[in-house]
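Accompanying notes for the structure given below.
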Amino acid sequence: MTHKSSLLLHICCAPCSPYAIDLLRKDYDVTAYFYDPNIHPEEEYRFRLKEMKRFSHEINLPFISAEYDIERWFDITKGHEMDQEKGERCSLCFDLRLDKTVRFAKENGYDFFATVLSISPHKDAKMINRVGQILSNKYGIKFLETNFKKREGFKKSVLLSKEYGLKRQDYCGCIYSQRN
Ligand code: SF4
């Protein structure tokens with residue numbers, strides 16, 4: 001049996017994840033990592049966390065979650081309350097979440113880190129990959145660049161999440177995206 005490289009996969013929410021997980025598991029030994037202090041309100045955060053835990057258990061995927069440090073998220077995005085989605089606030093938000101992910105990957109000896117975030121049509125894959133590459137250089141861990149929405153990836157992900165009964169929310173996560 002060939003040995004697969006280990007990959008720590010940042011997850012933003014369960015319904016965005018099935019397609020990416022299926023794809024990556026063919027080539028990598030994947031662990032899901034849930035660090036999303038952007039999600040508002042806390043009740044919604046708890047819900048998304050619980051859904052991802054349940055889904056990981058169902059598909060036999062190792063699952064790790066980090067803390068809900070929303071104060072830190074507000075600190076980092078201060079001054080960007082009015083930014084549009086795909087703007088500077090999102091870049092800061094990606095950086096916060098991926099920085100935590102890469103540090104966990106480094107401390108725990110993973111070969112790669114990646115994120116499912118690029119599945120969303122509302123997310124700029126170039127921005128995500130730029131943030132990932134900067135962190136990869138900073139910490140010395142390989143970042144797997146992706147654009148999961150390509151080749152009808154988003155459509156496939158919607159179908160898969162329906163099959164698994166995963167509820168899809170109508171806003172990205174933060175209080176500002178909820179307001180829009
Ligand atoms: S819209 Fe989404 S990616 Fe952008 S700052 Fe809000 S939660 Fe983060």
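Identifiers for the structure tokens are assigned positionally: chains receive A, B, ... in sequence, residues are indexed from 1 per chain, and ligands are indexed from 1 in the order shown.
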
Selection: 10 Å around Ala20 in chain A, only C-alpha atoms, excl. self and same-chain fewer than 5 positions, as a list in words: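 Within the cut-off, the hits are Leu9, Ile11, Arg25, Thr115, Val116, Leu117, Ser118, Ile119, Thr146, Asn147, Phe148, Lys149, Gly153, Phe154, Lys156 and Ser157 of chain A.
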
Give the strand (DSSP E or B) residues of chain A, as DSSP finds them on the backbone, and put them as a PDB file with C-alpha atoms, in the first residue's frame.
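Output file states.pdb is given in full below:
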```
ATOM      1  CA  SER A   5       0.852  12.545   2.475  1.00  0.00           C
ATOM      2  CA  SER A   6      -1.023  13.998   5.434  1.00  0.00           C
ATOM      3  CA  LEU A   7      -3.117  17.106   4.869  1.00  0.00           C
ATOM      4  CA  LEU A   8      -4.816  19.356   7.385  1.00  0.00           C
ATOM      5  CA  LEU A   9      -7.938  20.722   5.754  1.00  0.00           C
ATOM      6  CA  HIS A  10      -9.484  23.900   7.077  1.00  0.00           C
ATOM      7  CA  ILE A  11     -13.291  23.654   6.966  1.00  0.00           C
ATOM      8  CA  TYR A  28      -4.135  12.582   0.822  1.00  0.00           C
ATOM      9  CA  ASP A  29      -4.633  11.402   4.329  1.00  0.00           C
ATOM     10  CA  VAL A  30      -7.058  14.185   5.326  1.00  0.00           C
ATOM     11  CA  THR A  31      -7.887  15.592   8.755  1.00  0.00           C
ATOM     12  CA  ALA A  32     -10.622  18.218   9.067  1.00  0.00           C
ATOM     13  CA  TYR A  33      -9.806  21.339  11.071  1.00  0.00           C
ATOM     14  CA  PHE A  34     -12.565  23.689  12.174  1.00  0.00           C
ATOM     15  CA  PHE A  63     -11.941  15.945  13.037  1.00  0.00           C
ATOM     16  CA  ILE A  64     -10.336  18.663  15.172  1.00  0.00           C
ATOM     17  CA  SER A  65     -11.863  21.940  16.295  1.00  0.00           C
ATOM     18  CA  PHE A 112       0.269  19.937   3.697  1.00  0.00           C
ATOM     19  CA  PHE A 113      -2.462  22.349   4.663  1.00  0.00           C
ATOM     20  CA  ALA A 114      -5.413  23.495   2.538  1.00  0.00           C
ATOM     21  CA  THR A 115      -8.879  24.991   2.859  1.00  0.00           C
ATOM     22  CA  LYS A 142       3.282  23.125   1.775  1.00  0.00           C
ATOM     23  CA  PHE A 143      -0.018  24.774   0.922  1.00  0.00           C
TER      24      PHE A 143
END
```

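Counting only C-alpha atoms, Glu42 in chain A has the following residues at most 12 Å away, ignoring those fewer than 2 positions along the same chain: Asp36, Pro37, Asn38, Ile39, His40, Glu44, Tyr45, Arg46, Phe47, Arg48, Leu49, Glu67, Tyr68, Asp69, Ile70, Glu71, Gly173, Cys174 and Ile175 of chain A.
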
Requested write-out: N, CA and C atoms of the selected residues, as a PDB file, in the first residue's frame:
```pdb
ATOM      1  N   ASP A  36     -13.194  28.779  12.972  1.00  0.00           N
ATOM      2  CA  ASP A  36     -14.024  29.772  12.300  1.00  0.00           C
ATOM      3  C   ASP A  36     -14.638  30.775  13.274  1.00  0.00           C
ATOM      4  N   PRO A  37     -13.792  31.601  13.891  1.00  0.00           N
ATOM      5  CA  PRO A  37     -14.303  32.573  14.861  1.00  0.00           C
ATOM      6  C   PRO A  37     -15.051  33.729  14.201  1.00  0.00           C
ATOM      7  N   ASN A  38     -15.097  33.706  12.870  1.00  0.00           N
ATOM      8  CA  ASN A  38     -15.857  34.710  12.115  1.00  0.00           C
ATOM      9  C   ASN A  38     -17.366  34.507  12.240  1.00  0.00           C
ATOM     10  N   ILE A  39     -17.787  33.298  12.574  1.00  0.00           N
ATOM     11  CA  ILE A  39     -19.225  32.970  12.511  1.00  0.00           C
ATOM     12  C   ILE A  39     -20.020  33.655  13.618  1.00  0.00           C
ATOM     13  N   HIS A  40     -21.092  34.257  13.202  1.00  0.00           N
ATOM     14  CA  HIS A  40     -21.960  35.026  14.093  1.00  0.00           C
ATOM     15  C   HIS A  40     -23.413  34.655  13.836  1.00  0.00           C
ATOM     16  N   GLU A  44     -25.170  30.132  15.903  1.00  0.00           N
ATOM     17  CA  GLU A  44     -24.915  29.640  14.544  1.00  0.00           C
ATOM     18  C   GLU A  44     -23.562  28.929  14.491  1.00  0.00           C
ATOM     19  N   TYR A  45     -22.572  29.479  15.215  1.00  0.00           N
ATOM     20  CA  TYR A  45     -21.257  28.846  15.282  1.00  0.00           C
ATOM     21  C   TYR A  45     -21.396  27.428  15.847  1.00  0.00           C
ATOM     22  N   ARG A  46     -22.129  27.331  16.946  1.00  0.00           N
ATOM     23  CA  ARG A  46     -22.314  26.007  17.593  1.00  0.00           C
ATOM     24  C   ARG A  46     -22.996  25.046  16.628  1.00  0.00           C
ATOM     25  N   PHE A  47     -23.967  25.565  15.895  1.00  0.00           N
ATOM     26  CA  PHE A  47     -24.687  24.716  14.950  1.00  0.00           C
ATOM     27  C   PHE A  47     -23.746  24.197  13.855  1.00  0.00           C
ATOM     28  N   ARG A  48     -22.950  25.108  13.267  1.00  0.00           N
ATOM     29  CA  ARG A  48     -22.052  24.692  12.168  1.00  0.00           C
ATOM     30  C   ARG A  48     -21.000  23.702  12.666  1.00  0.00           C
ATOM     31  N   LEU A  49     -20.537  23.951  13.868  1.00  0.00           N
ATOM     32  CA  LEU A  49     -19.545  23.041  14.464  1.00  0.00           C
ATOM     33  C   LEU A  49     -20.143  21.645  14.670  1.00  0.00           C
ATOM     34  N   GLU A  67     -10.684  26.900  19.211  1.00  0.00           N
ATOM     35  CA  GLU A  67     -11.578  27.710  20.030  1.00  0.00           C
ATOM     36  C   GLU A  67     -12.363  28.761  19.227  1.00  0.00           C
ATOM     37  N   TYR A  68     -13.358  29.303  19.855  1.00  0.00           N
ATOM     38  CA  TYR A  68     -14.210  30.335  19.225  1.00  0.00           C
ATOM     39  C   TYR A  68     -13.758  31.699  19.729  1.00  0.00           C
ATOM     40  N   ASP A  69     -12.623  32.195  19.220  1.00  0.00           N
ATOM     41  CA  ASP A  69     -12.137  33.479  19.741  1.00  0.00           C
ATOM     42  C   ASP A  69     -12.630  34.649  18.873  1.00  0.00           C
ATOM     43  N   ILE A  70     -13.906  34.926  19.017  1.00  0.00           N
ATOM     44  CA  ILE A  70     -14.533  35.955  18.183  1.00  0.00           C
ATOM     45  C   ILE A  70     -13.980  37.358  18.457  1.00  0.00           C
ATOM     46  N   GLU A  71     -13.501  37.583  19.694  1.00  0.00           N
ATOM     47  CA  GLU A  71     -12.919  38.902  20.016  1.00  0.00           C
ATOM     48  C   GLU A  71     -11.728  39.175  19.103  1.00  0.00           C
ATOM     49  N   GLY A 173     -20.913  34.025   7.014  1.00  0.00           N
ATOM     50  CA  GLY A 173     -20.637  33.671   8.410  1.00  0.00           C
ATOM     51  C   GLY A 173     -20.584  34.861   9.354  1.00  0.00           C
ATOM     52  N   CYS A 174     -19.901  35.934   8.932  1.00  0.00           N
ATOM     53  CA  CYS A 174     -19.707  37.042   9.883  1.00  0.00           C
ATOM     54  C   CYS A 174     -20.953  37.927   9.982  1.00  0.00           C
ATOM     55  N   ILE A 175     -20.959  38.778  10.974  1.00  0.00           N
ATOM     56  CA  ILE A 175     -22.099  39.652  11.231  1.00  0.00           C
ATOM     57  C   ILE A 175     -22.363  40.584  10.028  1.00  0.00           C
TER      58      ILE A 175
END
```

Nearby polymer residues, ligand 1, at most 9 Å, only C-alpha atoms and all ligand atoms, as a PyMOL selection string: chain A and resi 36-40+77+80-81+83-94+117+122-123+171-178

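Excluding Lys155 in chain A and any residue on its chain fewer than 3 positions from it, the residues at most 12 Å away by only C-alpha atoms are A:Pro15, A:Cys16, A:Pro18, A:Tyr19, A:Ile119, A:Ser120, A:Pro121, A:Phe148, A:Lys149, A:Lys150, A:Arg151, A:Glu152, A:Val158, A:Leu159, A:Leu160, A:Ser161, A:Lys162.
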
Generate the output file for the selected residues, N, CA and C atoms, as an mmCIF file, in the first residue's frame.
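Generated output (again17.cif):
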```cif
data_model
loop_
_atom_site.group_PDB
_atom_site.id
_atom_site.type_symbol
_atom_site.label_atom_id
_atom_site.label_comp_id
_atom_site.auth_asym_id
_atom_site.auth_seq_id
_atom_site.Cartn_x
_atom_site.Cartn_y
_atom_site.Cartn_z
ATOM 1 N N PRO A 15 -21.667 22.004 4.809
ATOM 2 C CA PRO A 15 -22.187 21.904 3.436
ATOM 3 C C PRO A 15 -21.177 22.299 2.360
ATOM 4 N N CYS A 16 -20.165 23.091 2.711
ATOM 5 C CA CYS A 16 -19.130 23.451 1.729
ATOM 6 C C CYS A 16 -18.070 22.365 1.578
ATOM 7 N N PRO A 18 -18.150 18.503 1.456
ATOM 8 C CA PRO A 18 -18.124 17.121 0.969
ATOM 9 C C PRO A 18 -17.381 16.900 -0.346
ATOM 10 N N TYR A 19 -17.543 17.811 -1.273
ATOM 11 C CA TYR A 19 -16.889 17.633 -2.573
ATOM 12 C C TYR A 19 -15.363 17.701 -2.417
ATOM 13 N N ILE A 119 -14.405 26.726 -2.633
ATOM 14 C CA ILE A 119 -15.601 26.135 -3.257
ATOM 15 C C ILE A 119 -16.677 27.190 -3.523
ATOM 16 N N SER A 120 -16.689 28.245 -2.728
ATOM 17 C CA SER A 120 -17.794 29.204 -2.802
ATOM 18 C C SER A 120 -17.665 30.166 -3.984
ATOM 19 N N PRO A 121 -18.752 30.361 -4.732
ATOM 20 C CA PRO A 121 -18.725 31.345 -5.826
ATOM 21 C C PRO A 121 -18.547 32.772 -5.298
ATOM 22 N N PHE A 148 -11.897 24.867 -5.869
ATOM 23 C CA PHE A 148 -12.843 23.747 -5.904
ATOM 24 C C PHE A 148 -14.108 24.047 -6.706
ATOM 25 N N LYS A 149 -14.404 25.331 -6.912
ATOM 26 C CA LYS A 149 -15.643 25.640 -7.634
ATOM 27 C C LYS A 149 -15.531 25.340 -9.141
ATOM 28 N N LYS A 150 -14.306 25.137 -9.608
ATOM 29 C CA LYS A 150 -14.087 24.810 -11.026
ATOM 30 C C LYS A 150 -14.703 23.455 -11.364
ATOM 31 N N ARG A 151 -14.937 23.217 -12.631
ATOM 32 C CA ARG A 151 -15.531 21.964 -13.118
ATOM 33 C C ARG A 151 -16.816 21.621 -12.357
ATOM 34 N N GLU A 152 -17.658 22.667 -12.214
ATOM 35 C CA GLU A 152 -18.965 22.523 -11.547
ATOM 36 C C GLU A 152 -18.845 22.028 -10.115
ATOM 37 N N VAL A 158 -23.229 21.173 -3.725
ATOM 38 C CA VAL A 158 -24.616 21.389 -3.288
ATOM 39 C C VAL A 158 -25.377 20.061 -3.314
ATOM 40 N N LEU A 159 -25.177 19.289 -4.379
ATOM 41 C CA LEU A 159 -25.868 17.998 -4.483
ATOM 42 C C LEU A 159 -25.432 17.050 -3.366
ATOM 43 N N LEU A 160 -24.115 17.013 -3.138
ATOM 44 C CA LEU A 160 -23.605 16.119 -2.086
ATOM 45 C C LEU A 160 -24.115 16.529 -0.711
ATOM 46 N N SER A 161 -24.143 17.838 -0.454
ATOM 47 C CA SER A 161 -24.585 18.266 0.876
ATOM 48 C C SER A 161 -26.062 17.946 1.071
ATOM 49 N N LYS A 162 -26.833 17.942 -0.018
ATOM 50 C CA LYS A 162 -28.253 17.537 0.095
ATOM 51 C C LYS A 162 -28.335 16.053 0.431
#
```

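Considering the residues A:Thr101, A:Asn137, A:Gln169, A:Thr2 and counting only C-alpha atoms, Ala66 in chain A has its shortest atom-to-atom contact with A:Thr101.
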